[in-house]
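K.L.:
This is the structure I have questions about; it appears just below.
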Amino acid sequence: MYSFDLTDEQKMLTDAVNRYATRQLRAVYRDAEESGALPDDVIQTGWELGLLPALIPEAFGGFGEHSVLNGALIAEELGYGDVAAALHLLSPNLVAIPILLCGTKQQKQTYLPQFCTETFPKATAAFLEASITFDPYDLNTSARLVRNEYVLWGQKTMVINADEAETLLVYAREGQSGNTQAFLVPAKDPRVHINRRDRWMGFHALRTFTVELEGVTIPAENKLGGKAGIDLKQILTCSRIAVAGLGVGLAKAAFEYARDYAKERVAFGEPIAHRQAIAFMLAEMAIEIDATRLLVWEAAWKFDQGKPAVHDAYLAALYAADMALKVTDGAVQVLGGHGYIRDHPVELWLRNGRGLVTLVGSVIV
Amino acid sequence: MPICFEVPPEILNQTQMARMLAEQVMRSISRYYDEHEHERPWEYINVIWPFIQQIEAANLKRSLRRNGAEEEEPKEKKRSTTHVRMIHMIEALSWGDAGIYLCTPSSALGGAAIQAVGTPEQKERFLTRFTRGKPKWGAMAMTEPQAGSDTSAIQTTARLDPQTNEWVLNGTKIFCTNGRLAGCESDGLIVVWATLDKSLGRAGMRPFVVEAGTPGMHIIHQEKKMGIRASDTATIRFENCRIPYDNILGSPELVRPDEHEEKGFKGAMKTFDASRPYVAASAVGIARAAFEFTRDTLAAQGITIPECAPLHKLSAVQRDLLQMEMDLKAAWLLTVRSAALLDAGESNTLEASMAKVKAGKVVTSITQKCVELLGPLGYSQELLVEKWMRDAKINDIYEGTGQINTLIVARRILGYTRSELK
Amino acid sequence: MSSEIDSKIRRMMADMPAAFKPERAAGVNATVRYDLTGEGGSLWTTWISEEGCKVVEGDGGVETPTLTVTMDAADYIEMMAGRLDPMQAFMLGKIRINGDIMLATRLMSFFR
């Protein structure tokens, strides 16, 4: 039967993340955005919430189980705090979850425990490529099997914390077929070049890099999933749901800020929230946020139940991307001139909202 | 109960029935009744009536038990699924034909008002008829020529005649769904909103039950509409229409306008919290009919949606299809949520209005887009798609327009009263 | 328990042709499949027309019956014994039907 209540455990989880988001992330995000870096202690505190180990089974060093629904709940709270910090904090998931879903037993046992320690894991994924026609099923980065090794060539962008990473999960096309696989690459390999830091419209606090692979050679057993390889659809399904969750959180932040502003701001003798034009914009934002959340939850629930969720996740991500942009744009609009200056968060949230669209449209992992 | 999107198998089974009825009976008579407005779809009415009788009987029994019994809560309260079940049925039937669905013989909004504020005696007296005998209809008459969205502007009056202890109703109601069916074509009833004292605005309004055939109630007109033509939309004039004192629902005691009146206007307004999800469900059904037909027709022409394609690989038509599919899902899930809240015994005013706003928008955009995508076929009356677009439009209008419902949402999210946000 | 249900159903199916009132089935020429599920369940196919009613176990070689009735075997017994009203069974969602809806609404009227 349909039901929409959080369990007590989920309530504790979201309360904890929400506290972190509102007290810690909201305190630092603007300075981080201006300076281009997030404070280490804030990241460490976020890591100590144990969000990723909570998704990893005990057998591999964690203390929970993989739940995309819980992941979506977490993503919403983090996105509510700050999307750049959220992406930073979630970047190890980009490696751990694919290993959990598709890795061989050996790979799980070797790698997953590293994501369950007290230190922030030095692992990140390299997926996106700087191309207008980026297609996850037809990558430019290639991996060729030569005897017992894979040789990787290509260029990746949006690699979070690449300069600090020790392990890169690189997505590449194996052979000519357009078959996308993932490879565990030592980041410090001399043929891995961290070229330059990316500069985006938003997420300035997020340190991402363009990474070049010039004939990087790795043992064949570093191919994720062994001979069988990965189920890219499954991985993308999980990440789409998470990104959509981020979008819901971001939109909620923007909506609440605009709503509170509109109730205070007086024009023509009354708060502007008294005017239908403004009130209706806010009402529509609220409706769309709620609708998106339901789409996300349904996709997540289906995945956790072992039901087909690929298309649902795809739709949820598309919907969330549109919604996040519309809502953050609406928030700037409600604030008028004040929405345009960096004293208020909404302009940042719009820039971030636009980024979510781009990344989802290209399909971020 | 934790987050769950499982449809109970019982509901799936019942919805299956509705789907078969929609496909086999309703679709085959859709065009006929669209072209023969004001003829009655007896093929549908007679088949669905036995099921409605059961539903009415179960509702009445439950409602009387709730009134009769002391407040003893059974230890393991079985979670109700009534509203979630209803939206599934309504969605399936509206997928068939929204206008014909509206001809479903049942106590409908009239019954809802009686359930919401009637006494146990009134419930038995008025609602038992819907559990037996020939098909009959219940209706609600609220709107007047000068009063649509602004319900406080109604002018139909109810005056008490102390000598005969009867209410005397005078006024005109328009846009009353099933008004003629309820008022004179069956042994039904109409719940009429009238005012005891115009100066009190909403606080003076009360619902009155007028049974079919009551002298002084004249069905003077049936509207010719853009869509849902199978549905009876009536104008009713009350000329010194006399009804027993006991036909007033709730208390006739007038209270000061600023006092909260649960049993009067507000109490009966709560019936819309239940009916708004139903209207939203009907909208979703129409939208789904148009979307599925369009998707399947395009697929037969080789235009499909590749699974999870990057957007730059999609044609405009494919993006349109995806947009429709997403919007449909969004509207449906909001509708489901609003119904599930009712089943859980929780308030759903905000959620019901959200669902109605979204569904009203979506059914309009989807049906219009489908007509567009199907080219000349979409516009032709050889297919039902153009009819679905015409049927769709009313969903953003009746039972609270999209604008009114947006206003309700806005007031709730802002914490504003009627005087703060007009 | 399961064999008890099974033998009751077999008896009911054996009695069906006798309980059928052909005069009520004027103009009907249909196949009805009973997919009785759960403990003691079985599959049956019947032919009904003005001439009478024939019952076989299994799918009877009929690929697409006019109507398929799916329900729990124990519920079927209750229904045929008059302890579970068919309409009630439907309202409780205990019956799933697939096929000709008009036939479905008339089905019970052909018997007893």
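Chains: A, B, ... in order of the structure tokens. Residues: from 1 per chain. Ligands: from 1, in order shown.
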When you get a sec, could you note down which chain B residues fall within 12 Å of chain C, using only C-alpha atoms, as a CSV table (one decimal) with N, CA and C atoms, in the first residue's frame?
P.N.:
chain,number,residue,atom,x,y,z
B,8,PRO,N,-1.7,-2.5,-3.6
B,8,PRO,CA,-2.2,-3.8,-3.1
B,8,PRO,C,-2.9,-4.6,-4.2
B,9,PRO,N,-2.6,-5.9,-4.2
B,9,PRO,CA,-3.2,-6.8,-5.3
B,9,PRO,C,-4.7,-6.6,-5.4
B,10,GLU,N,-5.4,-6.4,-4.3
B,10,GLU,CA,-6.9,-6.3,-4.4
B,10,GLU,C,-7.2,-5.1,-5.3
B,11,ILE,N,-6.5,-4.0,-5.1
B,11,ILE,CA,-6.8,-2.9,-6.0
B,11,ILE,C,-6.4,-3.1,-7.4
B,12,LEU,N,-5.4,-3.8,-7.6
B,12,LEU,CA,-5.0,-4.2,-9.0
B,12,LEU,C,-6.1,-5.0,-9.7
B,13,ASN,N,-6.6,-5.9,-8.9
B,13,ASN,CA,-7.7,-6.8,-9.5
B,13,ASN,C,-8.9,-6.0,-9.8
B,14,GLN,N,-9.3,-5.1,-8.9
B,14,GLN,CA,-10.5,-4.3,-9.2
B,14,GLN,C,-10.3,-3.3,-10.3
B,15,THR,N,-9.1,-2.8,-10.4
B,15,THR,CA,-8.8,-1.8,-11.5
B,15,THR,C,-8.8,-2.5,-12.8
B,16,GLN,N,-8.4,-3.8,-12.8
B,16,GLN,CA,-8.4,-4.6,-14.0
B,16,GLN,C,-9.8,-4.6,-14.6
B,17,MET,N,-10.8,-4.8,-13.7
B,17,MET,CA,-12.2,-4.8,-14.1
B,17,MET,C,-12.6,-3.5,-14.7
B,18,ALA,N,-12.2,-2.4,-14.1
B,18,ALA,CA,-12.5,-1.1,-14.6
B,18,ALA,C,-11.9,-0.9,-15.9
B,19,ARG,N,-10.7,-1.4,-16.1
B,19,ARG,CA,-10.0,-1.3,-17.4
B,19,ARG,C,-10.7,-2.0,-18.5
B,20,MET,N,-11.2,-3.2,-18.1
B,20,MET,CA,-11.9,-4.0,-19.1
B,20,MET,C,-13.2,-3.2,-19.5
B,21,LEU,N,-13.9,-2.7,-18.5
B,21,LEU,CA,-15.1,-2.0,-18.8
B,21,LEU,C,-14.8,-0.8,-19.7
B,22,ALA,N,-13.7,-0.1,-19.4
B,22,ALA,CA,-13.3,1.1,-20.1
B,22,ALA,C,-13.0,0.7,-21.6
B,23,GLU,N,-12.3,-0.3,-21.7
B,23,GLU,CA,-11.9,-0.7,-23.1
B,23,GLU,C,-13.0,-1.3,-23.9
B,24,GLN,N,-13.8,-2.2,-23.3
B,24,GLN,CA,-14.8,-2.9,-24.1
B,24,GLN,C,-16.1,-2.2,-24.2
B,25,VAL,N,-16.5,-1.5,-23.1
B,25,VAL,CA,-17.8,-0.8,-23.2
B,25,VAL,C,-17.7,0.7,-23.5
B,26,MET,N,-16.9,1.4,-22.7
B,26,MET,CA,-16.9,2.8,-22.8
B,26,MET,C,-16.3,3.3,-24.1
B,43,GLU,N,-25.7,1.6,-21.5
B,43,GLU,CA,-24.8,0.4,-21.6
B,43,GLU,C,-23.8,0.4,-20.4
B,44,TYR,N,-23.3,1.6,-20.1
B,44,TYR,CA,-22.3,1.7,-19.0
B,44,TYR,C,-23.0,1.7,-17.7
B,46,ASN,N,-25.8,0.6,-16.6
B,46,ASN,CA,-26.4,-0.7,-16.1
B,46,ASN,C,-25.3,-1.7,-15.6
B,47,VAL,N,-24.2,-1.6,-16.3
B,47,VAL,CA,-23.1,-2.6,-15.9
B,47,VAL,C,-22.4,-2.2,-14.6
B,48,ILE,N,-22.2,-0.9,-14.4
B,48,ILE,CA,-21.5,-0.4,-13.2
B,48,ILE,C,-22.4,-0.3,-12.0
B,49,TRP,N,-23.7,-0.2,-12.2
B,49,TRP,CA,-24.5,0.0,-11.0
B,49,TRP,C,-24.4,-1.0,-9.9
B,50,PRO,N,-24.4,-2.3,-10.2
B,50,PRO,CA,-24.2,-3.3,-9.2
B,50,PRO,C,-23.0,-3.1,-8.3
B,51,PHE,N,-21.9,-2.7,-8.9
B,51,PHE,CA,-20.7,-2.4,-8.2
B,51,PHE,C,-20.8,-1.2,-7.3
B,52,ILE,N,-21.4,-0.2,-7.8
B,52,ILE,CA,-21.6,1.0,-7.1
B,52,ILE,C,-22.5,0.8,-5.8
B,53,GLN,N,-23.5,0.0,-6.0
B,53,GLN,CA,-24.4,-0.3,-4.9
B,53,GLN,C,-23.6,-0.9,-3.8
B,54,GLN,N,-22.6,-1.8,-4.1
B,54,GLN,CA,-21.8,-2.4,-3.1
B,54,GLN,C,-20.9,-1.4,-2.4
B,55,ILE,N,-20.3,-0.5,-3.2
B,55,ILE,CA,-19.5,0.5,-2.6
B,55,ILE,C,-20.3,1.4,-1.7
B,56,GLU,N,-21.5,1.8,-2.1
B,56,GLU,CA,-22.3,2.7,-1.3
B,56,GLU,C,-22.7,2.0,0.0
B,57,ALA,N,-23.1,0.7,-0.2
B,57,ALA,CA,-23.5,0.0,1.0
B,57,ALA,C,-22.3,-0.1,2.1
B,58,ALA,N,-21.2,-0.4,1.6
B,58,ALA,CA,-20.0,-0.5,2.4
B,58,ALA,C,-19.7,0.8,3.1
B,81,THR,N,-8.0,1.5,2.5
B,81,THR,CA,-7.4,1.7,1.2
B,81,THR,C,-8.5,2.3,0.3
B,82,THR,N,-9.6,2.8,0.9
B,82,THR,CA,-10.7,3.3,0.1
B,82,THR,C,-10.4,4.4,-0.9
B,85,ARG,N,-8.0,3.2,-3.6
B,85,ARG,CA,-8.8,2.3,-4.5
B,85,ARG,C,-9.6,3.2,-5.5
B,86,MET,N,-10.3,4.1,-4.9
B,86,MET,CA,-11.2,5.0,-5.8
B,86,MET,C,-10.4,5.7,-6.9
B,89,MET,N,-9.7,3.3,-9.7
B,89,MET,CA,-10.9,3.0,-10.5
B,89,MET,C,-11.2,4.2,-11.3
K.L.:
Mind the document's chain letters and residue numbers, and return as a PyMOL selection string the residues of chain C that DSSP labels strand (DSSP E).
P.N.:
chain C and resi 29-37+42-49+52-57+67-72+95-99
K.L.:
Those residues you just picked out, can you put them in a file as a PDB file, in the first residue's frame with C-alpha atoms?
P.N.:
ATOM      1  CA  ASN C  29     -21.259 -19.128 -26.975  1.00  0.00           C
ATOM      2  CA  ALA C  30     -18.165 -18.761 -24.867  1.00  0.00           C
ATOM      3  CA  THR C  31     -15.242 -20.432 -23.141  1.00  0.00           C
ATOM      4  CA  VAL C  32     -14.548 -19.641 -19.538  1.00  0.00           C
ATOM      5  CA  ARG C  33     -11.285 -20.584 -17.865  1.00  0.00           C
ATOM      6  CA  TYR C  34     -10.966 -20.960 -14.113  1.00  0.00           C
ATOM      7  CA  ASP C  35      -7.457 -20.460 -12.860  1.00  0.00           C
ATOM      8  CA  LEU C  36      -7.746 -21.525  -9.231  1.00  0.00           C
ATOM      9  CA  THR C  37      -4.584 -20.650  -7.377  1.00  0.00           C
ATOM     10  CA  SER C  42      -6.053 -26.333 -10.444  1.00  0.00           C
ATOM     11  CA  LEU C  43      -6.871 -25.132 -13.929  1.00  0.00           C
ATOM     12  CA  TRP C  44     -10.210 -25.717 -15.652  1.00  0.00           C
ATOM     13  CA  THR C  45     -11.754 -24.756 -18.969  1.00  0.00           C
ATOM     14  CA  THR C  46     -15.493 -24.682 -19.619  1.00  0.00           C
ATOM     15  CA  TRP C  47     -17.685 -24.159 -22.647  1.00  0.00           C
ATOM     16  CA  ILE C  48     -21.080 -22.530 -22.165  1.00  0.00           C
ATOM     17  CA  SER C  49     -23.847 -22.001 -24.665  1.00  0.00           C
ATOM     18  CA  GLY C  52     -25.292 -26.596 -22.175  1.00  0.00           C
ATOM     19  CA  CYS C  53     -22.059 -26.520 -20.273  1.00  0.00           C
ATOM     20  CA  LYS C  54     -18.978 -28.707 -20.675  1.00  0.00           C
ATOM     21  CA  VAL C  55     -16.066 -28.817 -18.234  1.00  0.00           C
ATOM     22  CA  VAL C  56     -12.548 -30.218 -18.658  1.00  0.00           C
ATOM     23  CA  GLU C  57      -9.481 -29.987 -16.489  1.00  0.00           C
ATOM     24  CA  LEU C  67     -13.115 -15.047 -20.132  1.00  0.00           C
ATOM     25  CA  THR C  68     -10.553 -16.051 -17.524  1.00  0.00           C
ATOM     26  CA  VAL C  69     -11.431 -16.018 -13.848  1.00  0.00           C
ATOM     27  CA  THR C  70      -8.469 -16.154 -11.486  1.00  0.00           C
ATOM     28  CA  MET C  71      -8.956 -16.611  -7.792  1.00  0.00           C
ATOM     29  CA  ASP C  72      -7.744 -18.524  -4.791  1.00  0.00           C
ATOM     30  CA  ILE C  95     -11.256 -12.171  -8.145  1.00  0.00           C
ATOM     31  CA  ARG C  96      -9.255 -11.187 -11.171  1.00  0.00           C
ATOM     32  CA  ILE C  97     -11.008 -11.387 -14.506  1.00  0.00           C
ATOM     33  CA  ASN C  98      -9.651 -11.031 -17.975  1.00  0.00           C
ATOM     34  CA  GLY C  99     -11.686 -10.988 -21.148  1.00  0.00           C
TER      35      GLY C  99
END
K.L.:
Find the residues around Ala299 (chain B) up to 12 Å (only C-alpha atoms counted), leave out those fewer than 5 positions away in its own chain, and share them as a list in words.
P.N.:
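My reading of the contact set: Phe291, Glu292, Phe293, Thr294, Thr304, Ile305, Pro306, Val317, Gln318, Leu321 and Leu374 of chain B.
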K.L.:
With distances taken over only C-alpha atoms, which of B:Arg79, B:Arg125, B:Lys198, B:Lys134 is nearest to Ser106 (chain B)?
P.N.:
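The answer is B:Lys134, which sits nearest to Ser106 (chain B).
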K.L.:
Taking 4 positions as the minimum chain separation for residues in the same chain, which residues sit within 9 Å of Ile236 (chain B) when counting only C-alpha atoms? Answer as a PyMOL selection string.
P.N.:
chain B and resi 141+171-176+179-180+183+217-221
K.L.:
Please identify every residue of chain A that has at least one atom no more than 9 Å from any atom of chain B, counting only C-alpha atoms, and report them as an mmCIF file with C-alpha atoms, in the first residue's frame.
P.N.:
data_model
loop_
_atom_site.group_PDB
_atom_site.id
_atom_site.type_symbol
_atom_site.label_atom_id
_atom_site.label_comp_id
_atom_site.auth_asym_id
_atom_site.auth_seq_id
_atom_site.Cartn_x
_atom_site.Cartn_y
_atom_site.Cartn_z
ATOM 1 C CA MET A 1 0.000 0.000 0.000
ATOM 2 C CA TYR A 2 1.256 3.489 -0.751
ATOM 3 C CA SER A 3 2.926 5.180 2.143
ATOM 4 C CA PHE A 4 5.215 8.144 2.466
ATOM 5 C CA ASP A 5 6.463 8.104 6.029
ATOM 6 C CA LEU A 6 10.097 7.848 6.982
ATOM 7 C CA THR A 7 11.085 5.095 9.379
ATOM 8 C CA LEU A 69 16.241 5.366 -1.046
ATOM 9 C CA ILE A 132 28.851 18.374 -26.771
ATOM 10 C CA THR A 133 27.896 14.907 -27.939
ATOM 11 C CA PHE A 134 28.948 13.132 -24.762
ATOM 12 C CA ASP A 135 27.276 9.736 -24.653
ATOM 13 C CA PRO A 136 27.894 7.391 -21.714
ATOM 14 C CA TYR A 137 27.495 4.442 -24.044
ATOM 15 C CA LYS A 233 22.592 1.100 -16.574
ATOM 16 C CA ARG A 259 9.358 32.409 0.412
ATOM 17 C CA ASP A 260 10.803 33.919 3.577
ATOM 18 C CA LYS A 263 7.040 37.543 3.369
ATOM 19 C CA ALA A 273 4.047 37.625 -0.889
ATOM 20 C CA HIS A 274 0.596 39.170 -0.706
ATOM 21 C CA ARG A 275 0.605 39.529 -4.473
ATOM 22 C CA GLN A 276 -0.634 36.617 -6.544
ATOM 23 C CA ALA A 279 2.559 33.854 -4.349
ATOM 24 C CA PHE A 280 1.685 31.792 -7.394
ATOM 25 C CA MET A 281 5.329 31.448 -8.400
ATOM 26 C CA LEU A 282 6.082 30.158 -4.928
ATOM 27 C CA ALA A 283 3.099 27.806 -4.970
ATOM 28 C CA GLU A 284 4.208 26.298 -8.256
ATOM 29 C CA ALA A 286 6.361 23.969 -3.942
ATOM 30 C CA ILE A 287 4.261 21.716 -6.141
ATOM 31 C CA GLU A 288 7.155 20.888 -8.433
ATOM 32 C CA ASP A 290 7.020 17.746 -4.034
ATOM 33 C CA ALA A 291 6.346 16.097 -7.386
ATOM 34 C CA THR A 292 10.054 15.614 -8.040
ATOM 35 C CA LEU A 294 7.887 11.563 -5.282
ATOM 36 C CA LEU A 295 9.435 10.620 -8.617
ATOM 37 C CA TRP A 297 11.366 8.123 -4.115
ATOM 38 C CA GLU A 298 9.467 5.869 -6.448
ATOM 39 C CA TRP A 301 12.057 2.310 -3.828
ATOM 40 C CA LYS A 302 11.744 0.252 -6.993
ATOM 41 C CA VAL A 310 16.139 2.298 -15.088
ATOM 42 C CA HIS A 311 13.515 4.338 -16.888
ATOM 43 C CA ASP A 312 12.019 5.727 -13.691
ATOM 44 C CA TYR A 314 16.077 8.510 -15.957
ATOM 45 C CA LEU A 315 12.762 10.360 -15.862
ATOM 46 C CA ALA A 316 13.311 11.429 -12.271
ATOM 47 C CA LEU A 318 15.420 14.728 -16.159
ATOM 48 C CA TYR A 319 12.489 16.086 -14.224
ATOM 49 C CA GLY A 361 21.930 16.000 -19.244
ATOM 50 C CA SER A 362 25.329 14.546 -19.877
ATOM 51 C CA VAL A 363 24.634 12.063 -17.132
#
K.L.:
When you count only C-alpha atoms, which of these residues is closest to Thr177 (chain B): B:Leu109, B:Ile90, B:Val284, B:Ala203?
P.N.:
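Under the stated criterion, the closest residue is B:Leu109.
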K.L.:
Which residue is closest to Phe255 (chain A)? Choose from A:Asp41, A:Glu9, A:Asp15, A:Asp329 and count only C-alpha atoms.
P.N.:
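Nearest candidate to Phe255 (chain A) out of A:Asp41, A:Glu9, A:Asp15, A:Asp329: A:Asp329.
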K.L.:
Tell me which protein, DNA and RNA residues are within 9 Å of Pro113 (chain A), counting only C-alpha atoms, leaving out same-chain ones fewer than 5 positions away, and put them as a list of chain:residue names.
P.N.:
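Here the qualifying residues turn out to be A:Pro53, A:Ile56, A:Phe60, A:Gly61, A:Gly62, A:Lys108.
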K.L.:
Identify, on the basis of only C-alpha atoms, every residue whose closest approach to region 3-9 of chain C does not exceed 8 Å; exclude the query and any residue fewer than 5 positions from it along the same chain; express the result as a list in words.
P.N.:
Glu39, Gly40, Gly41, Ser42, Ala73, Ala74 and Ile77 of chain C
K.L.:
Next, the residues of the selection above should be written as an mmCIF file, in the first residue's frame with C-alpha atoms.
P.N.:
data_model
loop_
_atom_site.group_PDB
_atom_site.id
_atom_site.type_symbol
_atom_site.label_atom_id
_atom_site.label_comp_id
_atom_site.auth_asym_id
_atom_site.auth_seq_id
_atom_site.Cartn_x
_atom_site.Cartn_y
_atom_site.Cartn_z
ATOM 1 C CA GLU C 39 -3.240 -24.569 -2.070
ATOM 2 C CA GLY C 40 -5.251 -27.263 -3.810
ATOM 3 C CA GLY C 41 -5.483 -25.149 -6.911
ATOM 4 C CA SER C 42 -6.053 -26.333 -10.444
ATOM 5 C CA ALA C 73 -9.079 -22.092 -4.769
ATOM 6 C CA ALA C 74 -10.356 -21.811 -1.208
ATOM 7 C CA ILE C 77 -15.177 -23.003 -2.842
#
K.L.:
Quick one, how far is CA of Thr349 (chain B) from CA of Ala139 (chain B)?
P.N.:
22.1 Å
K.L.:
Could you pull out the residues in region 173-344 of chain B that DSSP calls helix (DSSP H, G or I) from the backbone, as JSON, numbers by chain?
P.N.:
{"B": [179, 180, 181, 182, 183, 198, 199, 200, 201, 202, 203, 204, 245, 246, 247, 265, 266, 267, 268, 269, 270, 271, 272, 273, 274, 275, 276, 277, 278, 279, 280, 281, 282, 283, 284, 285, 286, 287, 288, 289, 290, 291, 292, 293, 294, 295, 296, 297, 298, 299, 300, 311, 312, 313, 316, 317, 318, 319, 320, 321, 322, 323, 324, 325, 326, 327, 328, 329, 330, 331, 332, 333, 334, 335, 336, 337, 338, 339, 340, 341, 342, 343]}
K.L.:
Out of A:Ala59, A:Ala324, A:Ala182, A:Cys116, which residue has the shortest atom-to-atom distance to Gly229 (chain A) when counting only C-alpha atoms?
P.N.:
A:Ala182
